[in-house]
Structures are given as C-alpha cells and as structure tokens.
>>> print(open('entry30.txt').read())   # compact mmCIF, C-alpha atoms
# COMPACT_ATOMS: atom_id res chain seq x y z
CA MET A 1278 -6.90 17.16 89.23
CA ALA A 1279 -8.18 20.41 90.60
CA GLY A 1280 -9.03 22.78 87.80
CA GLU A 1281 -7.48 25.83 89.39
CA ILE A 1282 -5.51 26.27 92.58
CA PRO A 1283 -5.81 29.88 93.78
CA ASP A 1284 -2.67 32.01 93.86
CA LEU A 1285 -1.43 33.54 97.09
CA VAL A 1286 0.98 36.37 96.27
CA ALA A 1287 3.54 37.42 98.86
CA LEU A 1288 6.78 39.38 99.17
CA GLU A 1289 9.98 38.10 100.70
CA ARG A 1290 10.50 39.83 104.03
CA THR A 1291 13.93 41.24 104.68
CA GLY A 1292 14.91 41.04 108.30
CA THR A 1293 13.38 38.96 111.03
CA GLY A 1294 12.28 39.49 114.57
CA LYS A 1295 9.68 41.71 116.19
CA GLY A 1296 11.04 44.91 114.70
CA ALA A 1297 10.70 43.71 111.10
CA ALA A 1298 7.24 42.29 111.84
CA ARG A 1299 6.05 45.57 113.33
CA GLN A 1300 7.37 47.47 110.31
CA ALA A 1301 5.53 45.09 107.98
CA ARG A 1302 2.25 45.78 109.80
CA ARG A 1303 2.83 49.53 109.59
CA ASP A 1304 3.29 49.07 105.82
CA GLY A 1305 -0.10 47.35 105.51
CA MET A 1306 1.33 43.85 105.39
CA VAL A 1307 0.92 40.73 107.51
CA PRO A 1308 4.19 38.95 108.29
CA GLY A 1309 4.38 35.22 107.83
CA VAL A 1310 6.68 32.28 107.41
CA VAL A 1311 6.79 29.38 104.95
CA PHE A 1312 8.29 26.16 106.30
CA GLY A 1313 8.63 22.48 105.44
CA GLY A 1314 9.42 20.72 102.22
CA ASP A 1315 13.08 20.10 103.10
CA LYS A 1316 13.88 23.78 102.57
CA GLU A 1317 14.85 26.58 104.88
CA PRO A 1318 12.00 28.67 106.31
CA LEU A 1319 11.18 31.73 104.21
CA ALA A 1320 10.00 34.96 105.86
CA ILE A 1321 7.25 36.64 103.83
CA ASN A 1322 4.80 39.53 103.91
CA LEU A 1323 1.20 39.19 102.72
CA PRO A 1324 -0.93 42.23 101.73
CA PHE A 1325 -3.29 42.79 104.67
CA ASN A 1326 -6.43 43.62 102.66
CA LYS A 1327 -6.11 40.64 100.31
CA LEU A 1328 -5.41 38.28 103.18
CA LEU A 1329 -8.42 39.58 105.08
CA GLN A 1330 -10.63 38.97 102.03
CA ARG A 1331 -9.38 35.38 101.85
CA LEU A 1332 -10.02 34.84 105.55
CA ARG A 1333 -13.56 36.21 105.33
CA LYS A 1334 -14.39 33.79 102.50
CA GLY A 1335 -13.86 30.98 104.98
CA ARG A 1336 -11.96 27.68 104.95
CA PHE A 1337 -8.62 29.44 104.63
CA LYS A 1338 -6.90 26.67 106.60
CA SER A 1339 -8.30 23.93 104.37
CA THR A 1340 -7.56 25.55 101.00
CA LEU A 1341 -4.53 24.61 98.94
CA PHE A 1342 -2.74 27.68 97.54
CA ASN A 1343 -0.10 28.26 94.89
CA LEU A 1344 2.31 30.60 96.69
CA LYS A 1345 4.03 33.11 94.44
CA VAL A 1346 7.04 34.97 95.84
CA GLU A 1347 9.24 36.97 93.48
CA GLY A 1348 12.67 35.38 93.14
CA HIS A 1349 11.42 31.96 94.24
CA ASP A 1350 9.77 29.01 92.51
CA ASP A 1351 6.01 28.72 92.96
CA VAL A 1352 5.11 26.20 95.63
CA ARG A 1353 1.93 24.62 96.92
CA VAL A 1354 1.19 25.56 100.51
CA ILE A 1355 -1.53 25.17 103.09
CA CYS A 1356 -2.10 27.37 106.12
CA ARG A 1357 -1.19 25.85 109.46
CA ASP A 1358 -1.94 28.83 111.71
CA VAL A 1359 -3.25 32.39 111.66
CA GLN A 1360 -2.41 34.47 114.72
CA ARG A 1361 -4.85 37.29 115.44
CA ASP A 1362 -4.98 40.43 117.53
CA VAL A 1363 -6.83 39.51 120.74
CA VAL A 1364 -8.84 42.75 120.70
CA LYS A 1365 -9.50 43.46 117.01
CA ASP A 1366 -9.46 39.81 115.84
CA LEU A 1367 -7.38 40.82 112.80
CA PRO A 1368 -4.53 38.70 111.40
CA THR A 1369 -1.08 39.49 112.76
CA HIS A 1370 0.96 36.51 111.51
CA VAL A 1371 0.51 33.54 109.17
CA ASP A 1372 2.26 30.16 109.11
CA LEU A 1373 2.26 28.36 105.76
CA MET A 1374 3.53 24.83 105.12
CA ARG A 1375 5.06 23.69 101.84
CA LEU A 1376 3.60 20.47 100.49
CA ARG A 1377 5.18 17.61 98.60
CA ARG A 1378 3.10 16.00 95.89
CA THR A 1379 2.69 12.94 98.12
CA THR A 1380 1.54 14.90 101.18
CA LYS A 1381 -1.89 13.96 102.53
CA ILE A 1382 -4.11 16.92 103.46
CA ASN A 1383 -7.76 17.64 104.28
CA LEU A 1384 -9.61 19.71 101.69
CA PHE A 1385 -13.26 20.54 100.96
CA ILE A 1386 -14.15 19.31 97.45
CA PRO A 1387 -17.29 20.67 95.72
CA VAL A 1388 -20.09 18.33 94.64
CA GLU A 1389 -21.56 18.52 91.10
CA PHE A 1390 -24.96 17.03 90.22
CA ILE A 1391 -25.51 15.71 86.69
CA ASN A 1392 -28.38 14.19 84.67
CA GLU A 1393 -31.15 16.04 86.50
CA GLY A 1394 -33.36 15.47 83.46
CA ALA A 1395 -33.05 11.71 83.97
CA ALA A 1396 -34.32 11.80 87.55
CA PRO A 1397 -38.03 10.80 87.67
CA GLY A 1398 -38.41 12.47 91.06
CA LEU A 1399 -37.37 15.85 89.67
CA LYS A 1400 -39.64 15.44 86.64
CA LYS A 1401 -42.54 14.98 89.06
CA GLY A 1402 -41.71 18.28 90.71
CA GLY A 1403 -39.49 16.95 93.47
CA VAL A 1404 -36.89 19.20 95.01
CA LEU A 1405 -33.18 18.39 95.05
CA THR A 1406 -31.59 19.37 98.36
CA ALA A 1407 -27.79 19.40 98.51
CA VAL A 1408 -27.19 18.52 102.14
CA ARG A 1409 -23.44 18.73 101.57
CA PRO A 1410 -22.49 20.89 98.57
CA GLU A 1411 -18.88 20.28 99.63
CA VAL A 1412 -17.31 17.20 101.18
CA GLU A 1413 -14.16 17.22 103.28
CA LEU A 1414 -11.75 14.58 101.99
CA VAL A 1415 -8.26 13.40 102.80
CA VAL A 1416 -6.45 13.90 99.48
CA THR A 1417 -2.95 13.71 98.06
CA ALA A 1418 -1.51 17.15 97.27
CA GLY A 1419 -0.36 16.05 93.84
CA ASP A 1420 -3.70 14.49 92.87
CA ILE A 1421 -6.54 16.71 94.10
CA PRO A 1422 -9.95 16.07 92.49
CA GLU A 1423 -11.64 19.11 90.99
CA LYS A 1424 -15.08 17.91 92.10
CA LEU A 1425 -17.19 14.94 93.13
CA THR A 1426 -19.87 13.94 90.63
CA VAL A 1427 -23.34 12.72 91.63
CA ASP A 1428 -25.38 11.06 88.87
CA LEU A 1429 -29.09 11.67 89.53
CA THR A 1430 -30.26 9.20 86.87
CA GLY A 1431 -33.21 7.11 88.09
CA LEU A 1432 -33.63 8.86 91.43
CA ASN A 1433 -37.20 9.32 92.65
CA ILE A 1434 -38.93 11.34 95.35
CA GLY A 1435 -37.75 10.14 98.73
CA ASP A 1436 -34.40 8.85 97.44
CA THR A 1437 -31.15 9.93 99.05
CA VAL A 1438 -27.54 9.98 97.89
CA THR A 1439 -24.88 9.03 100.42
CA ILE A 1440 -21.10 9.20 100.21
CA SER A 1441 -20.96 5.46 99.46
CA ASP A 1442 -22.90 6.14 96.23
CA ILE A 1443 -20.06 8.31 94.92
CA THR A 1444 -16.96 6.83 93.30
CA LEU A 1445 -14.10 8.62 95.01
CA PRO A 1446 -10.77 9.17 93.24
CA GLU A 1447 -8.08 6.66 94.16
CA GLY A 1448 -6.16 7.67 97.25
CA THR A 1449 -8.91 9.85 98.73
CA LYS A 1450 -11.28 9.17 101.59
CA PRO A 1451 -13.84 11.14 103.62
CA THR A 1452 -12.82 12.58 106.96
CA ILE A 1453 -16.12 11.30 108.41
CA ASP A 1454 -16.09 7.58 109.10
CA ARG A 1455 -19.74 6.82 108.33
CA ASP A 1456 -22.07 6.72 105.32
CA PHE A 1457 -23.39 10.30 105.49
CA VAL A 1458 -26.03 11.90 103.23
CA ILE A 1459 -24.92 14.13 100.35
CA ALA A 1460 -28.33 15.01 98.89
CA ASN A 1461 -31.96 13.95 98.72
CA ILE A 1462 -35.03 14.45 96.54
CA SER A 1463 -38.06 15.54 98.53
CA ALA A 1464 -41.68 16.03 97.54
CA PRO A 1465 -42.70 19.53 96.37
CA SER A 1466 -44.07 21.72 99.15
CA GLY A 1467 -47.63 21.64 97.74
CA LEU A 1468 -47.68 17.84 97.76
CA ARG A 1469 -46.25 17.72 101.27
CA SER A 1470 -48.96 20.09 102.46
CA ALA A 1471 -51.68 17.95 100.87
CA ASP A 1472 -50.24 14.83 102.47
CA ASN A 1473 -50.22 16.52 105.85
CA GLU A 1474 -53.87 17.57 105.40
CA ASP A 1475 -54.83 14.01 104.46
CA ASP A 1476 -53.03 12.67 107.53
CA ALA A 1477 -54.85 15.18 109.73
CA GLU A 1478 -58.24 14.26 108.23
CA GLU A 1479 -57.57 10.55 108.71
CA ALA A 1480 -56.60 11.14 112.31
CA ALA A 1481 -59.79 13.16 112.91
CA GLU A 1482 -62.01 10.50 111.31
CA ALA A 1483 -60.40 7.58 113.13
CA PRO A 1484 -62.62 6.20 115.93
CA SER A 1485 -61.29 6.92 119.37
CA GLU A 1486 -60.29 3.98 121.52
CA GLU A 1487 -62.14 3.63 124.83
>>> encode(input="entry30.txt", output="structure tokens")
Amino acid sequence: MAGEIPDLVALERTGTGKGAARQARRDGMVPGVVFGGDKEPLAINLPFNKLLQRLRKGRFKSTLFNLKVEGHDDVRVICRDVQRDVVKDLPTHVDLMRLRRTTKINLFIPVEFINEGAAPGLKKGGVLTAVRPEVELVVTAGDIPEKLTVDLTGLNIGDTVTISDITLPEGTKPTIDRDFVIANISAPSGLRSADNEDDAEEAAEAPSEE
C-alpha cells in the first residue's frame, strides 16, 4: 500500500452558480465539485495558493488525494479536470472524482533501487542511470503500491533493467504495452572516452580499401 496519500483540504461551498463561484475567487479560493461514488455532488472551495503549489509540482491529475472537508468523511479522490483562465492560465475550477476501493486508476509509482553494493558494474565504477524514476501503472485505488523495487544484484556494465524484470503487485499493470527500459548501468565517462580514443586509433591505422 502507498505509504502516505497526500491530503487535499477544502471547504464546503455554500451556494452554487456563477455568483457563488465569483465570490469564492474574490475570497482567494478556487471553486470545485466532488462527484461520483454513489453520492450527491459536493460543492467545495480550495485555497488558491495551495492549489497552485500542487499544480506547479506536476502530475496533479494522476495523484490520488485524501480529500478532507469539515463535516464530511475523508474520501479518496482524483482530479478529472482543471479549468483555467484563458489569459492568465490560472485555475478557475476543479472537478474531483470520488473513488471506490475497487476503482482502477492511472498513477505514477516511484522506483527504488536496492543492493547497489552487490552490482559488479557499480563496483567497477559504472554509472546507474534511472531512465524512468517513476512508472505509470494502472492500479486499484484500494491497493496502491508505495514503490516498485529494482534489485541490482549481479548487474554489470552494459546491463539494463526493463519493466519485465520487476515483479509488479497483483492487479497492477503498466500503461505502456511493451517491455520498456527502467534503468541501465553504463561505463564511467573516463572509460568511455578511452574506448572512443581506441576506436579512433584503430580506424586511423586500418588500411584503406582501394
């Protein structure tokens, strides 16, 4: 399970319609609505500054949140739409969807690398490159993995780790339907430079073909 689902704190919005929404914006809030989950839609206000910080961090629409609204039970939600001002590109309205525990959603899950000391390639000075430090997976809302673990034991210079090398939690699958690269171990820059020099010397010494 995910170690910590971030909180999204909101206030219940009294009144609906354009007038109430405009008043919310004047008060430094962004109006929104929470729908789904076999419950009536709930009109809310989100603090503008905190919402903007979340948006600037990226992946707002693919992050699962724990929505906290005073007077209501906490509920897991995911953003379905953020409407923005066409001139200033600032948020003007947010649509959030309640999730059941069985709901399937797309989320980016971080990748953790372990046993670096047991990788011969790293002991030789190789460099670990995380091609995908996060992987987008289709997951069940009630069973979200905290991370994907890559065991580097036995990996040498030139080896790669693909998604098929990782044991995914039951019920999850990648959104990309191919065996893509997660990470690789490359030669240290000094060794690569020496190899390139050797290749150049060999090419120069090779007899030209008439």
>>> residues_around(input="entry30.txt", residues="Arg1357 (chain A)", least_positions_apart="2", cutoff="9 Å", atoms="all atoms listed in the file", output="PyMOL selection string")
chain A and resi 1338-1339+1355+1359+1371-1374
>>> residues_around(input="entry30.txt", residues="Leu1328 (chain A)", least_positions_apart="6", cutoff="10 Å", atoms="all atoms listed in the file", output="PyMOL selection string")
chain A and resi 1285-1287+1306-1307+1337+1368+1371
>>> write_last_selection(input="entry30.txt", atoms="C-alpha atoms", output="mmCIF file, in the frame of the given file")
data_model
loop_
_atom_site.group_PDB
_atom_site.id
_atom_site.type_symbol
_atom_site.label_atom_id
_atom_site.label_comp_id
_atom_site.auth_asym_id
_atom_site.auth_seq_id
_atom_site.Cartn_x
_atom_site.Cartn_y
_atom_site.Cartn_z
ATOM 1 C CA LEU A 1285 -1.430 33.540 97.090
ATOM 2 C CA VAL A 1286 0.980 36.370 96.270
ATOM 3 C CA ALA A 1287 3.540 37.420 98.860
ATOM 4 C CA MET A 1306 1.330 43.850 105.390
ATOM 5 C CA VAL A 1307 0.920 40.730 107.510
ATOM 6 C CA PHE A 1337 -8.620 29.440 104.630
ATOM 7 C CA PRO A 1368 -4.530 38.700 111.400
ATOM 8 C CA VAL A 1371 0.510 33.540 109.170
#
>>> residues_around(input="entry30.txt", residues="Val1346 (chain A)", least_positions_apart="6", cutoff="12 Å", atoms="only C-alpha atoms", output="MDAnalysis selection string")
chainID A and resid 1284:1290 1310:1311 1319:1323 1352:1353
>>> closest_residue(input="entry30.txt", among="A:Arg1409, A:Lys1327, A:Lys1401, A:Arg1361", to="Phe1457 (chain A)", atoms="all atoms listed in the file")
A:Arg1409
>>> residues_around(input="entry30.txt", residues="Lys1400 (chain A)", least_positions_apart="6", cutoff="9 Å", atoms="only C-alpha atoms", output="PyMOL selection string")
chain A and resi 1393-1394+1433
>>> closest_residue(input="entry30.txt", among="A:Thr1406, A:Thr1444, A:Asn1392, A:Thr1417", to="Ala1460 (chain A)", atoms="only C-alpha atoms")
A:Thr1406
